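Q: This structure is in structure tokens; I'll ask about it shortly.
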Amino acid sequence: MTSFELEGKKISIFGSKNESSPLVILNTYGDEGQAVWNECQKLNCPPFCLAAISNLDWNNELSPWESPALYKNDGGFFGGADSYLSLLTEKIIPAVCDSMGAKPSYLALAGYSLAGLFAIYAAYKTDIFSRILSASGSLWFPGFEEYVKSHNFIKKPDSIYLSLGDTEAKAKNKVLSTVQNKTESIFELYKSLEIPAVFELNKGNHFTDAALRTAKGIKWILEQ
């Protein structure tokens, strides 16, 4: 593992650094890159390079537009995804490739929770990611289902992986409880567009086995 900092973000790189390996970009809430990498090794994922990014302004940089807080004492969402996507594509990814000393065979974008929402949103804004992984993605986000149904991908992804915990829809919060219906609706849309896509339900709530769920999604997109 190697790591460096850029524009206040910590970037940790794991795995095969050669031109035959894909590069998976993973935005993380804390610094879960090592845990996800370890789970990928247990699952015998095909060779790849993982670049995990941390020190994110989570509710700002990963939200596509402003939205109110979900709970009374929480912060809201500030809609900084476009700005962060520019930083990611113009500075962070080129720096990762320089560190690798190789151009990856393709780029994939992965994320859990709000980072999973960002991963899908990014595919509507840039064409550099061939494969998309949204593990327990925050597809409950107000207006997002309507957005994907009224916009086209810049370039249709080669594959999309979606997952949720099987109790996430039982959340008491009325916004969060829509997540399964909205995820399934978006999944059906992607199937209708003939995009290789899968939707997987895992045991547990939103916080169960996050690293493993992410690794399962990485394995799936790598094997397509």
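FYI, nothing fancy with the structure tokens labels: chains A, B, ... in order, residues from 1 per chain, ligands from 1 as they appear.
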Mind dumping a table of every stretch 64-145 of chain A residue within 12 Å of stretch 200-206 of chain A, with the nearest atom pair and its distance in Å to one decimal, using only C-alpha atoms, sorted by chain and rising number, as CSV?

A:
residue,atom,partner,partner_atom,distance
A:Tyr112,CA,A:His206,CA,9.6
A:Ser113,CA,A:His206,CA,8.0
A:Leu114,CA,A:His206,CA,11.3
A:Leu133,CA,A:Glu200,CA,11.5
A:Ser134,CA,A:Glu200,CA,10.6
A:Ala135,CA,A:Glu200,CA,9.0
A:Ser136,CA,A:His206,CA,6.5
A:Gly137,CA,A:His206,CA,9.3
A:Ser138,CA,A:His206,CA,9.8

Q: Would you save the residues of that selection, restricted to N, CA and C atoms, as an mmCIF file, in the first residue's frame?

A:
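Generated output (selection37.cif):
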data_model
loop_
_atom_site.group_PDB
_atom_site.id
_atom_site.type_symbol
_atom_site.label_atom_id
_atom_site.label_comp_id
_atom_site.auth_asym_id
_atom_site.auth_seq_id
_atom_site.Cartn_x
_atom_site.Cartn_y
_atom_site.Cartn_z
ATOM 1 N N TYR A 112 -19.940 3.443 -1.093
ATOM 2 C CA TYR A 112 -20.933 2.920 -0.159
ATOM 3 C C TYR A 112 -21.744 4.095 0.366
ATOM 4 N N SER A 113 -23.038 3.905 0.535
ATOM 5 C CA SER A 113 -23.905 4.922 1.099
ATOM 6 C C SER A 113 -23.955 6.146 0.176
ATOM 7 N N LEU A 114 -23.669 7.335 0.690
ATOM 8 C CA LEU A 114 -23.719 8.535 -0.141
ATOM 9 C C LEU A 114 -22.680 8.478 -1.263
ATOM 10 N N LEU A 133 -20.204 0.946 -9.210
ATOM 11 C CA LEU A 133 -20.617 0.159 -8.045
ATOM 12 C C LEU A 133 -21.236 1.077 -6.999
ATOM 13 N N SER A 134 -22.488 0.794 -6.664
ATOM 14 C CA SER A 134 -23.196 1.535 -5.621
ATOM 15 C C SER A 134 -23.673 0.542 -4.574
ATOM 16 N N ALA A 135 -22.903 0.382 -3.504
ATOM 17 C CA ALA A 135 -23.238 -0.559 -2.433
ATOM 18 C C ALA A 135 -24.022 0.174 -1.351
ATOM 19 N N SER A 136 -25.200 -0.336 -1.040
ATOM 20 C CA SER A 136 -26.096 0.345 -0.099
ATOM 21 C C SER A 136 -26.156 1.840 -0.406
ATOM 22 N N GLY A 137 -26.272 2.138 -1.701
ATOM 23 C CA GLY A 137 -26.259 3.525 -2.152
ATOM 24 C C GLY A 137 -27.451 4.321 -1.643
ATOM 25 N N SER A 138 -27.229 5.600 -1.433
ATOM 26 C CA SER A 138 -28.276 6.492 -0.906
ATOM 27 C C SER A 138 -29.208 6.946 -2.021
#

Q: Name the closest residue to A:Thr208 among the candidates A:Gly79, A:Glu168, A:Leu222, A:Lys191; distances are taken between atoms, counting only C-alpha atoms.

A: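 Checking each of A:Gly79, A:Glu168, A:Leu222, A:Lys191 against A:Thr208, counting only C-alpha atoms, the winner is A:Glu168.
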
Q: DSSP on the backbone, helix (DSSP H, G or I) only: what residues of stretch 5-222 of chain A does that give? Format it as a ChimeraX atom specification.

A: /A:33-42,58-61,81-100,114-123,144-150,168-170,176-192,210-222

Q: For stretch 74-77 of chain A, work out the shell of residues within 12 Å, counting only C-alpha atoms and skipping chain neighbours fewer than 2 positions away, then give it as a list in words.

A: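 Everything that qualifies: Asp57, Trp58, Asn59, Asn60, Glu61, Leu62, Ser63, Pro64, Trp65, Glu66, Ser67, Pro68, Ala69, Leu70, Tyr71, Lys72, Gly79, Gly80, Ala81, Leu114, Phe141 and Pro142 of chain A.
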
Q: Selected residues, N, CA, C and O atoms, written as a short mmCIF file (atom, residue, chain, number, x, y, z; two decimals), in the first residue's frame, please.

A:
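The result, stored in part_25.cif:
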data_model
loop_
_atom_site.label_atom_id
_atom_site.label_comp_id
_atom_site.auth_asym_id
_atom_site.auth_seq_id
_atom_site.Cartn_x
_atom_site.Cartn_y
_atom_site.Cartn_z
N ASP A 57 -15.49 15.82 2.48
CA ASP A 57 -16.57 16.57 3.10
C ASP A 57 -17.87 15.87 2.68
O ASP A 57 -18.51 16.23 1.70
N TRP A 58 -18.21 14.85 3.42
CA TRP A 58 -19.16 13.81 3.00
C TRP A 58 -20.48 14.37 2.49
O TRP A 58 -20.90 14.09 1.36
N ASN A 59 -21.18 15.14 3.31
CA ASN A 59 -22.52 15.60 2.94
C ASN A 59 -22.50 16.69 1.88
O ASN A 59 -23.53 17.00 1.29
N ASN A 60 -21.33 17.25 1.63
CA ASN A 60 -21.21 18.27 0.60
C ASN A 60 -20.71 17.67 -0.70
O ASN A 60 -21.38 17.72 -1.73
N GLU A 61 -19.53 17.07 -0.66
CA GLU A 61 -18.85 16.68 -1.89
C GLU A 61 -19.48 15.49 -2.60
O GLU A 61 -19.21 15.27 -3.79
N LEU A 62 -20.33 14.75 -1.92
CA LEU A 62 -20.94 13.58 -2.55
C LEU A 62 -22.43 13.76 -2.87
O LEU A 62 -23.05 12.86 -3.42
N SER A 63 -22.99 14.90 -2.54
CA SER A 63 -24.41 15.13 -2.81
C SER A 63 -24.58 15.96 -4.09
O SER A 63 -23.92 16.97 -4.28
N PRO A 64 -25.47 15.51 -4.98
CA PRO A 64 -25.59 16.17 -6.29
C PRO A 64 -26.24 17.56 -6.25
O PRO A 64 -26.00 18.37 -7.15
N TRP A 65 -27.06 17.80 -5.27
CA TRP A 65 -27.68 19.12 -5.12
C TRP A 65 -28.07 19.29 -3.66
O TRP A 65 -28.00 18.35 -2.86
N GLU A 66 -28.48 20.49 -3.30
CA GLU A 66 -28.84 20.76 -1.92
C GLU A 66 -30.11 20.02 -1.53
O GLU A 66 -31.02 19.84 -2.35
N SER A 67 -30.14 19.56 -0.28
CA SER A 67 -31.32 18.87 0.24
C SER A 67 -31.32 19.02 1.76
O SER A 67 -30.26 19.07 2.39
N PRO A 68 -32.51 19.11 2.37
CA PRO A 68 -32.58 19.32 3.81
C PRO A 68 -32.03 18.13 4.60
O PRO A 68 -31.92 17.01 4.10
N ALA A 69 -31.71 18.39 5.87
CA ALA A 69 -31.25 17.33 6.77
C ALA A 69 -32.34 16.28 6.95
O ALA A 69 -33.54 16.57 6.89
N LEU A 70 -31.91 15.03 7.18
CA LEU A 70 -32.85 13.95 7.41
C LEU A 70 -33.41 13.95 8.83
O LEU A 70 -34.52 13.49 9.07
N TYR A 71 -32.59 14.46 9.74
CA TYR A 71 -32.98 14.48 11.15
C TYR A 71 -32.77 15.89 11.70
O TYR A 71 -31.94 16.65 11.19
N LYS A 72 -33.48 16.20 12.74
CA LYS A 72 -33.53 17.55 13.28
C LYS A 72 -32.15 18.11 13.62
O LYS A 72 -31.86 19.27 13.34
N GLY A 79 -24.71 19.83 -2.00
CA GLY A 79 -24.67 19.82 -3.45
C GLY A 79 -23.34 20.11 -4.09
O GLY A 79 -23.27 20.71 -5.17
N GLY A 80 -22.25 19.63 -3.47
CA GLY A 80 -20.91 19.88 -4.01
C GLY A 80 -20.35 18.80 -4.91
O GLY A 80 -19.15 18.80 -5.20
N ALA A 81 -21.19 17.88 -5.38
CA ALA A 81 -20.69 16.73 -6.15
C ALA A 81 -20.00 17.14 -7.45
O ALA A 81 -18.98 16.56 -7.82
N LEU A 114 -23.67 7.33 0.69
CA LEU A 114 -23.72 8.54 -0.14
C LEU A 114 -22.68 8.48 -1.26
O LEU A 114 -22.90 9.03 -2.35
N PHE A 141 -32.12 9.60 -2.09
CA PHE A 141 -31.85 11.04 -2.12
C PHE A 141 -32.96 11.77 -2.91
O PHE A 141 -33.26 11.40 -4.04
N PRO A 142 -33.57 12.79 -2.30
CA PRO A 142 -34.72 13.45 -2.93
C PRO A 142 -34.41 13.94 -4.34
O PRO A 142 -33.44 14.65 -4.58
#

Q: Within 12 Å of A:Leu88, counting only C-alpha atoms, which residues show up once you throw out same-chain ones fewer than 6 positions away? Write them as a list in words, please.

A: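 Using only C-alpha atoms, the neighbours found are Leu6, Glu7, Lys9, Ile11, Ile25, Leu26, Asn27, Ala51, Ala52, Ile53, Ser54, Leu56, Glu61, Leu62, Ala81, Asp82, Pro94, Ala95, Val96, Leu109, Phe118, Ala119, Ala122, Thr126, Ile128 and Phe129 of chain A.
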
Q: List the neighbours of A:Ala169 out to 9 Å using only C-alpha atoms; skip same-chain residues closer than 4 positions along the sequence, and give me the result as an NGL selection string.

A: :A and (164-165 or 176-181 or 205)

Q: Using only C-alpha atoms, which of the listed residues (A:Lys125, A:Lys103, A:Lys216, A:His151) sits closest to A:Ser163?

A: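 For A:Ser163, the nearest of the candidates is A:Lys216.
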
Q: If you run DSSP over the backbone, which residues in stretch 31-193 of chain A end up strand (DSSP E or B)? Put them as a ChimeraX atom specification.

A: /A:49-54,66-67,77-78,107-112,131-135,159-165

Q: What gap, in Å, lies between atom CA of A:Trp37 and atom CA of A:Asp127?

A: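 Taking atom CA of A:Trp37 as the start and atom CA of A:Asp127 as the end point, the length is 25.5 Å.
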
Q: What's the 12 Å shell around stretch 192-199 of chain A, counting only C-alpha atoms, without same-chain residues fewer than 6 positions away, as a VMD selection string?

A: chain A and resid 130 to 137 148 to 149 152 to 153 155 to 166 180 to 186 216 to 217 220 to 221 223 to 224
